[in-house]
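Read through the structure below, which is laid out as structure tokens, and then see the notes.
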Amino acid sequence: MADKVAVVTGSNKGIGYATVRELCKRGVGSVYLTARNIQKGQEAIKNLKKEGFNPLFHQLDVTDKDSVKVFADFLKRKHSGLDILINNAGVITSNFTETTYEDSVRVLNTNYYGEVTMQNYMFPILNDNARVINISSDSGHISNLKNTYWINRLTKEDIKVEDINAFVDWFLDSVKNGTLNEEDFEEMPLLAYIISKIALCALTRVQQKEVGRGISVNSLNPGYVKTDMTNNTGYLTMEEASDAPVYLALDVDQSVKGKFFWFDKTEKEWADPNQKLFIPYADMERLLNLI
């Protein structure tokens with residue numbers, strides 16, 4: 001364990017921060033806390049050191065190819081490779097109930113295209129039998145879609161990244177042209193976030209088929225967590241939500257690959273649209289109204 005190298009993206013606060021803490025607690029030798037903002041990242045490191053942990057810091061913006069490349073090159077020089085990659089960086093829609101083109105582009109640039117960039121630069125330096133965990137959401141389950149064409153295209157066995165890109169482009173074009181059809185989706189609030197997380201789960205399956213070398217790639221719904229992203233509403237604390245990512249990073253059998261996990265560490269069938277696993281927006285709205 002002491003010789004393992006782990007990276008958690010977007011980890012200066014929230015679930016990522018708690019995950020860094022738990023990985024350190026479990027004895028992972030080199031745990032990198034990353035953040036876009038250097039000052040915020042270093043402040044997070046300082047706080048964890050006060051607790052007796054010793055994480056490392058590196059600046060990382062998953063939407064900036066140069067930033068990702070610099071970090072990947074650094075890891076290659078410093079450690080020769082990477083054992084654990086937890087793709088946690090993510091953003092939510094600026095307005096929960098309105099969908100705009102500019103905001104949708106912003107969300108997808110981080111939550112989907114940022115993960116593609118991470119794959120391009122980080123997967124080549126993954127060690128054999130490394131583990132990748134893509135932090136998704138209940139919003140990422142295929143049952144959030146009602147459009148049968150996209151359900152079938154995204155869940156087919158021979159899915160390619162081009163299929164996912166086409167799905168994202170279809171959504172963005174619909175927003176830009178004002179042709180969004182409510183009948184295509186279970187719910188309209190948080191729509192760009194939902195699309196981004198569906199795309200991420202589909203990407204997980206593509207990544208697993210292509211990566212080889214014994215590497216496992218799984219996606220995870222960490223639960224409805226009390227973080228800044230959810231305006232501190234939710235059912236789980238950040239500490240509780242860090243349990244499942246660390247389980248997939250350290251404890252689950254290496255043979256578990258290309259799966260979709262729930263916050264309680266159970267595996268769910270991502271490709272089954274009849275499993276209505278998402279939390280209705282009305283539940284979130286009710287909690288938001290309470291505060």
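Each chain of the structure tokens is named A, B, ... in the order shown, its residues numbered from 1; ligands are numbered from 1 in display order.
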Practice task
Just list the residues in segment 246-290 of chain A DSSP gives strand (DSSP E or B) on the backbone, as JSON, numbers by chain.
Solution key: {"A": [260, 261, 267, 268]}
Selection to disk with C-alpha atoms, as a compact mmCIF listing (two decimals), in the first residue's frame:
```
# COMPACT_ATOMS: atom_id res chain seq x y z
CA PHE A 260 -21.74 1.05 -12.21
CA PHE A 261 -21.77 1.18 -8.41
CA GLU A 267 -23.50 -2.94 -8.28
CA LYS A 268 -26.36 -1.64 -10.42
```
Problem - Neighbour list for Val132 of chain A as number ranges by chain, cut-off 12 Å, only C-alpha atoms, skip fewer than 4 positions in-chain - result: A: 6-9, 82-88, 115, 118-119, 122-123, 126-128, 204-205, 207-208, 211, 214-220, 245-250, 254, 256-259
Problem - Residue list (alpha helix (DSSP H), DSSP) for segment 157-280 of chain A, as a PyMOL selection string - result: chain A and resi 161-177+191-211+238-241+243-246
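Atom CA of Phe96 of chain A is found 9.5 Å from atom CA of Glu285 of chain A.
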Check which residues of segment 96-155 of chain A sit at most 12 Å from segment 179-190 of chain A using only C-alpha atoms, and return one row each with the closest pair of atoms and their distance in Å to one decimal, ordered by chain and rising number, as JSON lines.
```
{"residue": "A:Phe96", "atom": "CA", "partner": "A:Leu190", "partner_atom": "CA", "distance": 5.0}
{"residue": "A:Thr97", "atom": "CA", "partner": "A:Pro189", "partner_atom": "CA", "distance": 4.4}
{"residue": "A:Glu98", "atom": "CA", "partner": "A:Pro189", "partner_atom": "CA", "distance": 6.7}
{"residue": "A:Thr99", "atom": "CA", "partner": "A:Leu190", "partner_atom": "CA", "distance": 7.5}
{"residue": "A:Thr100", "atom": "CA", "partner": "A:Leu190", "partner_atom": "CA", "distance": 10.7}
{"residue": "A:Tyr101", "atom": "CA", "partner": "A:Leu180", "partner_atom": "CA", "distance": 11.2}
{"residue": "A:Asp103", "atom": "CA", "partner": "A:Leu190", "partner_atom": "CA", "distance": 10.7}
{"residue": "A:Ser104", "atom": "CA", "partner": "A:Leu190", "partner_atom": "CA", "distance": 9.6}
{"residue": "A:Val107", "atom": "CA", "partner": "A:Leu190", "partner_atom": "CA", "distance": 10.2}
{"residue": "A:Ser137", "atom": "CA", "partner": "A:Leu190", "partner_atom": "CA", "distance": 12.0}
{"residue": "A:Ser139", "atom": "CA", "partner": "A:Leu190", "partner_atom": "CA", "distance": 8.8}
{"residue": "A:Gly140", "atom": "CA", "partner": "A:Leu190", "partner_atom": "CA", "distance": 11.5}
{"residue": "A:His141", "atom": "CA", "partner": "A:Glu186", "partner_atom": "CA", "distance": 11.2}
{"residue": "A:Ile142", "atom": "CA", "partner": "A:Phe185", "partner_atom": "CA", "distance": 10.2}
{"residue": "A:Ser143", "atom": "CA", "partner": "A:Glu186", "partner_atom": "CA", "distance": 7.7}
{"residue": "A:Asn144", "atom": "CA", "partner": "A:Glu186", "partner_atom": "CA", "distance": 5.3}
{"residue": "A:Leu145", "atom": "CA", "partner": "A:Phe185", "partner_atom": "CA", "distance": 4.7}
{"residue": "A:Lys146", "atom": "CA", "partner": "A:Asp184", "partner_atom": "CA", "distance": 4.8}
{"residue": "A:Asn147", "atom": "CA", "partner": "A:Asp184", "partner_atom": "CA", "distance": 4.5}
{"residue": "A:Thr148", "atom": "CA", "partner": "A:Asp184", "partner_atom": "CA", "distance": 8.2}
{"residue": "A:Tyr149", "atom": "CA", "partner": "A:Asp184", "partner_atom": "CA", "distance": 9.7}
{"residue": "A:Trp150", "atom": "CA", "partner": "A:Asp184", "partner_atom": "CA", "distance": 9.2}
{"residue": "A:Ile151", "atom": "CA", "partner": "A:Asp184", "partner_atom": "CA", "distance": 10.0}
```
Problem - Non-local contacts of segment 165-174 of chain A (10 Å; only C-alpha atoms; under 2 positions in same chain excluded) as a list in words - result: Thr100, Tyr101, Glu102, Ser104, Val105, Leu108, Tyr112, Tyr113, Trp150, Ile151, Arg153, Leu154, Lys160, Val161, Glu162, Asp163, Lys176, Asn177, Gly178, Thr179, Leu180, Asn181, Leu191, Ala192, Ile195, Ser196, Ile198, Ala199 and Leu203 of chain A
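Minimum atom-to-atom distances from A:Leu75, A:Ala271, A:Val5, A:Cys201 to Pro55 of chain A were compared using only C-alpha atoms, and the lowest value belongs to A:Val5.
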Practice task
State, in Å with one decimal place, the distance from atom CA of Lys40 of chain A to atom CA of Ile92 of chain A.
Solution key: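 Taking atom CA of Lys40 of chain A and atom CA of Ile92 of chain A, their separation equals 19.3 Å.
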Practice task
Quote the spacing between atom CA of Trp270 of chain A and atom CA of Ser242 of chain A in Å to one decimal place.
Solution key: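 Computed distance, atom CA of Trp270 of chain A to atom CA of Ser242 of chain A, equals 21.1 Å.
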Contact residues around Gly27 of chain A with only C-alpha atoms at 12 Å, ignoring same-chain residues under 2 positions, as a PDB file with all heavy atoms, in the first residue's frame:
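The resulting file, out06.pdb, is reproduced below:
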```
ATOM      1  N   MET A   1       0.829  -1.213   0.000  1.00  0.00           N
ATOM      2  CA  MET A   1       0.000   0.000   0.000  1.00  0.00           C
ATOM      3  C   MET A   1       0.864   1.265   0.000  1.00  0.00           C
ATOM      4  O   MET A   1       0.552   2.253  -0.655  1.00  0.00           O
ATOM      5  CB  MET A   1      -0.915   0.003   1.224  1.00  0.00           C
ATOM      6  CG  MET A   1      -1.995   1.053   1.188  1.00  0.00           C
ATOM      7  SD  MET A   1      -3.319   0.653   0.049  1.00  0.00           S
ATOM      8  CE  MET A   1      -4.139  -0.672   0.926  1.00  0.00           C
ATOM      9  N   ALA A   2       1.962   1.217   0.727  1.00  0.00           N
ATOM     10  CA  ALA A   2       2.806   2.401   0.865  1.00  0.00           C
ATOM     11  C   ALA A   2       3.470   2.818  -0.435  1.00  0.00           C
ATOM     12  O   ALA A   2       3.899   3.966  -0.574  1.00  0.00           O
ATOM     13  CB  ALA A   2       3.877   2.152   1.934  1.00  0.00           C
ATOM     14  N   ASP A   3       3.539   1.908  -1.403  1.00  0.00           N
ATOM     15  CA  ASP A   3       4.180   2.252  -2.667  1.00  0.00           C
ATOM     16  C   ASP A   3       3.180   2.688  -3.735  1.00  0.00           C
ATOM     17  O   ASP A   3       3.561   2.995  -4.863  1.00  0.00           O
ATOM     18  CB  ASP A   3       5.003   1.069  -3.184  1.00  0.00           C
ATOM     19  CG  ASP A   3       4.145  -0.163  -3.467  1.00  0.00           C
ATOM     20  OD1 ASP A   3       2.985  -0.196  -3.011  1.00  0.00           O
ATOM     21  OD2 ASP A   3       4.645  -1.086  -4.129  1.00  0.00           O
ATOM     22  N   LYS A   4       1.912   2.740  -3.386  1.00  0.00           N
ATOM     23  CA  LYS A   4       0.886   3.121  -4.360  1.00  0.00           C
ATOM     24  C   LYS A   4       0.823   4.633  -4.539  1.00  0.00           C
ATOM     25  O   LYS A   4       1.056   5.400  -3.607  1.00  0.00           O
ATOM     26  CB  LYS A   4      -0.484   2.582  -3.945  1.00  0.00           C
ATOM     27  CG  LYS A   4      -0.650   1.077  -4.126  1.00  0.00           C
ATOM     28  CD  LYS A   4      -2.072   0.651  -3.885  1.00  0.00           C
ATOM     29  CE  LYS A   4      -2.248  -0.847  -4.094  1.00  0.00           C
ATOM     30  NZ  LYS A   4      -1.997  -1.234  -5.499  1.00  0.00           N
ATOM     31  N   VAL A   5       0.467   5.031  -5.770  1.00  0.00           N
ATOM     32  CA  VAL A   5       0.307   6.449  -6.103  1.00  0.00           C
ATOM     33  C   VAL A   5      -1.143   6.671  -6.523  1.00  0.00           C
ATOM     34  O   VAL A   5      -1.648   5.989  -7.424  1.00  0.00           O
ATOM     35  CB  VAL A   5       1.254   6.860  -7.242  1.00  0.00           C
ATOM     36  CG1 VAL A   5       1.064   8.340  -7.569  1.00  0.00           C
ATOM     37  CG2 VAL A   5       2.703   6.563  -6.872  1.00  0.00           C
ATOM     38  N   ALA A   6      -1.803   7.621  -5.864  1.00  0.00           N
ATOM     39  CA  ALA A   6      -3.215   7.904  -6.135  1.00  0.00           C
ATOM     40  C   ALA A   6      -3.402   9.368  -6.469  1.00  0.00           C
ATOM     41  O   ALA A   6      -2.743  10.245  -5.900  1.00  0.00           O
ATOM     42  CB  ALA A   6      -4.081   7.530  -4.934  1.00  0.00           C
ATOM     43  N   VAL A  20      -9.471  11.964  -0.345  1.00  0.00           N
ATOM     44  CA  VAL A  20      -8.028  12.098  -0.109  1.00  0.00           C
ATOM     45  C   VAL A  20      -7.707  11.735   1.337  1.00  0.00           C
ATOM     46  O   VAL A  20      -6.762  10.982   1.618  1.00  0.00           O
ATOM     47  CB  VAL A  20      -7.549  13.527  -0.429  1.00  0.00           C
ATOM     48  CG1 VAL A  20      -6.133  13.751   0.109  1.00  0.00           C
ATOM     49  CG2 VAL A  20      -7.582  13.774  -1.925  1.00  0.00           C
ATOM     50  N   ARG A  21      -8.489  12.265   2.253  1.00  0.00           N
ATOM     51  CA  ARG A  21      -8.265  11.966   3.669  1.00  0.00           C
ATOM     52  C   ARG A  21      -8.342  10.459   3.936  1.00  0.00           C
ATOM     53  O   ARG A  21      -7.493   9.896   4.642  1.00  0.00           O
ATOM     54  CB  ARG A  21      -9.292  12.691   4.533  1.00  0.00           C
ATOM     55  CG  ARG A  21      -9.117  12.399   6.026  1.00  0.00           C
ATOM     56  CD  ARG A  21     -10.355  12.715   6.822  1.00  0.00           C
ATOM     57  NE  ARG A  21     -10.524  14.133   7.028  1.00  0.00           N
ATOM     58  CZ  ARG A  21     -11.621  14.817   6.748  1.00  0.00           C
ATOM     59  NH1 ARG A  21     -12.640  14.192   6.172  1.00  0.00           N
ATOM     60  NH2 ARG A  21     -11.715  16.097   6.995  1.00  0.00           N
ATOM     61  N   GLU A  22      -9.341   9.809   3.373  1.00  0.00           N
ATOM     62  CA  GLU A  22      -9.526   8.375   3.633  1.00  0.00           C
ATOM     63  C   GLU A  22      -8.411   7.540   3.009  1.00  0.00           C
ATOM     64  O   GLU A  22      -7.960   6.552   3.607  1.00  0.00           O
ATOM     65  CB  GLU A  22     -10.891   7.926   3.106  1.00  0.00           C
ATOM     66  CG  GLU A  22     -11.299   6.525   3.506  1.00  0.00           C
ATOM     67  CD  GLU A  22     -11.445   6.333   5.008  1.00  0.00           C
ATOM     68  OE1 GLU A  22     -11.711   7.333   5.717  1.00  0.00           O
ATOM     69  OE2 GLU A  22     -11.281   5.180   5.473  1.00  0.00           O
ATOM     70  N   LEU A  23      -7.963   7.918   1.820  1.00  0.00           N
ATOM     71  CA  LEU A  23      -6.847   7.204   1.198  1.00  0.00           C
ATOM     72  C   LEU A  23      -5.582   7.342   2.042  1.00  0.00           C
ATOM     73  O   LEU A  23      -4.825   6.377   2.203  1.00  0.00           O
ATOM     74  CB  LEU A  23      -6.604   7.732  -0.217  1.00  0.00           C
ATOM     75  CG  LEU A  23      -7.647   7.378  -1.271  1.00  0.00           C
ATOM     76  CD1 LEU A  23      -7.400   8.170  -2.548  1.00  0.00           C
ATOM     77  CD2 LEU A  23      -7.644   5.875  -1.574  1.00  0.00           C
ATOM     78  N   CYS A  24      -5.349   8.530   2.572  1.00  0.00           N
ATOM     79  CA  CYS A  24      -4.202   8.730   3.464  1.00  0.00           C
ATOM     80  C   CYS A  24      -4.356   7.876   4.720  1.00  0.00           C
ATOM     81  O   CYS A  24      -3.396   7.240   5.181  1.00  0.00           O
ATOM     82  CB  CYS A  24      -4.079  10.197   3.858  1.00  0.00           C
ATOM     83  SG  CYS A  24      -3.555  11.311   2.535  1.00  0.00           S
ATOM     84  N   LYS A  25      -5.559   7.858   5.254  1.00  0.00           N
ATOM     85  CA  LYS A  25      -5.827   7.079   6.466  1.00  0.00           C
ATOM     86  C   LYS A  25      -5.582   5.587   6.241  1.00  0.00           C
ATOM     87  O   LYS A  25      -5.108   4.884   7.148  1.00  0.00           O
ATOM     88  CB  LYS A  25      -7.273   7.322   6.913  1.00  0.00           C
ATOM     89  CG  LYS A  25      -7.619   6.756   8.284  1.00  0.00           C
ATOM     90  CD  LYS A  25      -9.093   6.970   8.614  1.00  0.00           C
ATOM     91  CE  LYS A  25      -9.430   8.442   8.725  1.00  0.00           C
ATOM     92  NZ  LYS A  25     -10.840   8.657   9.151  1.00  0.00           N
ATOM     93  N   GLY A  29       0.641   5.429  -0.088  1.00  0.00           N
ATOM     94  CA  GLY A  29       1.889   6.157   0.095  1.00  0.00           C
ATOM     95  C   GLY A  29       1.903   7.569  -0.440  1.00  0.00           C
ATOM     96  O   GLY A  29       2.337   8.502   0.238  1.00  0.00           O
ATOM     97  N   SER A  30       1.444   7.753  -1.676  1.00  0.00           N
ATOM     98  CA  SER A  30       1.458   9.076  -2.312  1.00  0.00           C
ATOM     99  C   SER A  30       0.055   9.400  -2.809  1.00  0.00           C
ATOM    100  O   SER A  30      -0.412   8.814  -3.786  1.00  0.00           O
ATOM    101  CB  SER A  30       2.453   9.108  -3.476  1.00  0.00           C
ATOM    102  OG  SER A  30       3.763   8.812  -3.033  1.00  0.00           O
ATOM    103  N   VAL A  31      -0.607  10.302  -2.125  1.00  0.00           N
ATOM    104  CA  VAL A  31      -1.970  10.694  -2.479  1.00  0.00           C
ATOM    105  C   VAL A  31      -1.953  12.152  -2.912  1.00  0.00           C
ATOM    106  O   VAL A  31      -1.603  13.036  -2.121  1.00  0.00           O
ATOM    107  CB  VAL A  31      -2.944  10.514  -1.298  1.00  0.00           C
ATOM    108  CG1 VAL A  31      -4.369  10.876  -1.735  1.00  0.00           C
ATOM    109  CG2 VAL A  31      -2.887   9.095  -0.758  1.00  0.00           C
ATOM    110  N   PHE A  53      -2.253  13.969   8.473  1.00  0.00           N
ATOM    111  CA  PHE A  53      -2.084  13.304   7.188  1.00  0.00           C
ATOM    112  C   PHE A  53      -1.043  14.048   6.351  1.00  0.00           C
ATOM    113  O   PHE A  53      -0.729  15.212   6.634  1.00  0.00           O
ATOM    114  CB  PHE A  53      -3.415  13.224   6.440  1.00  0.00           C
ATOM    115  CG  PHE A  53      -4.493  12.514   7.217  1.00  0.00           C
ATOM    116  CD1 PHE A  53      -5.642  13.180   7.625  1.00  0.00           C
ATOM    117  CD2 PHE A  53      -4.347  11.175   7.571  1.00  0.00           C
ATOM    118  CE1 PHE A  53      -6.620  12.530   8.359  1.00  0.00           C
ATOM    119  CE2 PHE A  53      -5.324  10.507   8.304  1.00  0.00           C
ATOM    120  CZ  PHE A  53      -6.467  11.190   8.697  1.00  0.00           C
ATOM    121  N   ASN A  54      -0.543  13.385   5.327  1.00  0.00           N
ATOM    122  CA  ASN A  54       0.518  14.005   4.534  1.00  0.00           C
ATOM    123  C   ASN A  54       0.268  13.849   3.028  1.00  0.00           C
ATOM    124  O   ASN A  54       1.076  13.259   2.313  1.00  0.00           O
ATOM    125  CB  ASN A  54       1.869  13.396   4.904  1.00  0.00           C
ATOM    126  CG  ASN A  54       3.028  14.220   4.384  1.00  0.00           C
ATOM    127  OD1 ASN A  54       2.950  15.448   4.290  1.00  0.00           O
ATOM    128  ND2 ASN A  54       4.112  13.553   4.007  1.00  0.00           N
ATOM    129  N   PRO A  55      -0.846  14.389   2.534  1.00  0.00           N
ATOM    130  CA  PRO A  55      -1.096  14.327   1.090  1.00  0.00           C
ATOM    131  C   PRO A  55      -0.164  15.259   0.337  1.00  0.00           C
ATOM    132  O   PRO A  55       0.447  16.160   0.924  1.00  0.00           O
ATOM    133  CB  PRO A  55      -2.544  14.780   0.966  1.00  0.00           C
ATOM    134  CG  PRO A  55      -2.730  15.717   2.121  1.00  0.00           C
ATOM    135  CD  PRO A  55      -1.899  15.142   3.236  1.00  0.00           C
ATOM    136  N   VAL A 246     -13.249   4.816  -2.057  1.00  0.00           N
ATOM    137  CA  VAL A 246     -12.068   4.137  -1.514  1.00  0.00           C
ATOM    138  C   VAL A 246     -12.243   2.626  -1.591  1.00  0.00           C
ATOM    139  O   VAL A 246     -11.275   1.889  -1.838  1.00  0.00           O
ATOM    140  CB  VAL A 246     -11.801   4.601  -0.066  1.00  0.00           C
ATOM    141  CG1 VAL A 246     -10.676   3.793   0.576  1.00  0.00           C
ATOM    142  CG2 VAL A 246     -11.446   6.089  -0.060  1.00  0.00           C
ATOM    143  N   LEU A 250      -9.444   0.402  -3.439  1.00  0.00           N
ATOM    144  CA  LEU A 250      -8.558  -0.460  -2.660  1.00  0.00           C
ATOM    145  C   LEU A 250      -9.091  -1.857  -2.362  1.00  0.00           C
ATOM    146  O   LEU A 250      -8.290  -2.789  -2.200  1.00  0.00           O
ATOM    147  CB  LEU A 250      -8.235   0.218  -1.318  1.00  0.00           C
ATOM    148  CG  LEU A 250      -7.537   1.575  -1.363  1.00  0.00           C
ATOM    149  CD1 LEU A 250      -7.351   2.102   0.060  1.00  0.00           C
ATOM    150  CD2 LEU A 250      -6.213   1.497  -2.093  1.00  0.00           C
TER     151      LEU A 250
END
```
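Using only C-alpha atoms, the shortest contact distance between Ile125 of chain A and any of A:Arg26, A:Lys46, A:Arg36, A:Arg77 is found at A:Arg77.
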Problem - Shortest interatomic distance to Val68 of chain A - which of A:Ala18, A:Ala35, A:Val206, A:Ala244, counting only C-alpha atoms - result: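 Among A:Ala18, A:Ala35, A:Val206, A:Ala244, it is A:Ala35 that comes nearest to Val68 of chain A.
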Handout entry: Among the residues A:Arg213, A:Tyr17, A:Lys69, A:Asp64, the one that comes closest to Ile45 of chain A [using only C-alpha atoms]
Key =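 Of the candidates, the smallest distance to Ile45 of chain A is held by A:Tyr17.
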Handout entry: All residues 12 Å or closer to Glu240 of chain A, only C-alpha atoms, same chain fewer than 3 positions away omitted, as a PyMOL selection string
Key = chain A and resi 14-16+18-19+21-22+222-227+234-237+243-247+263-265
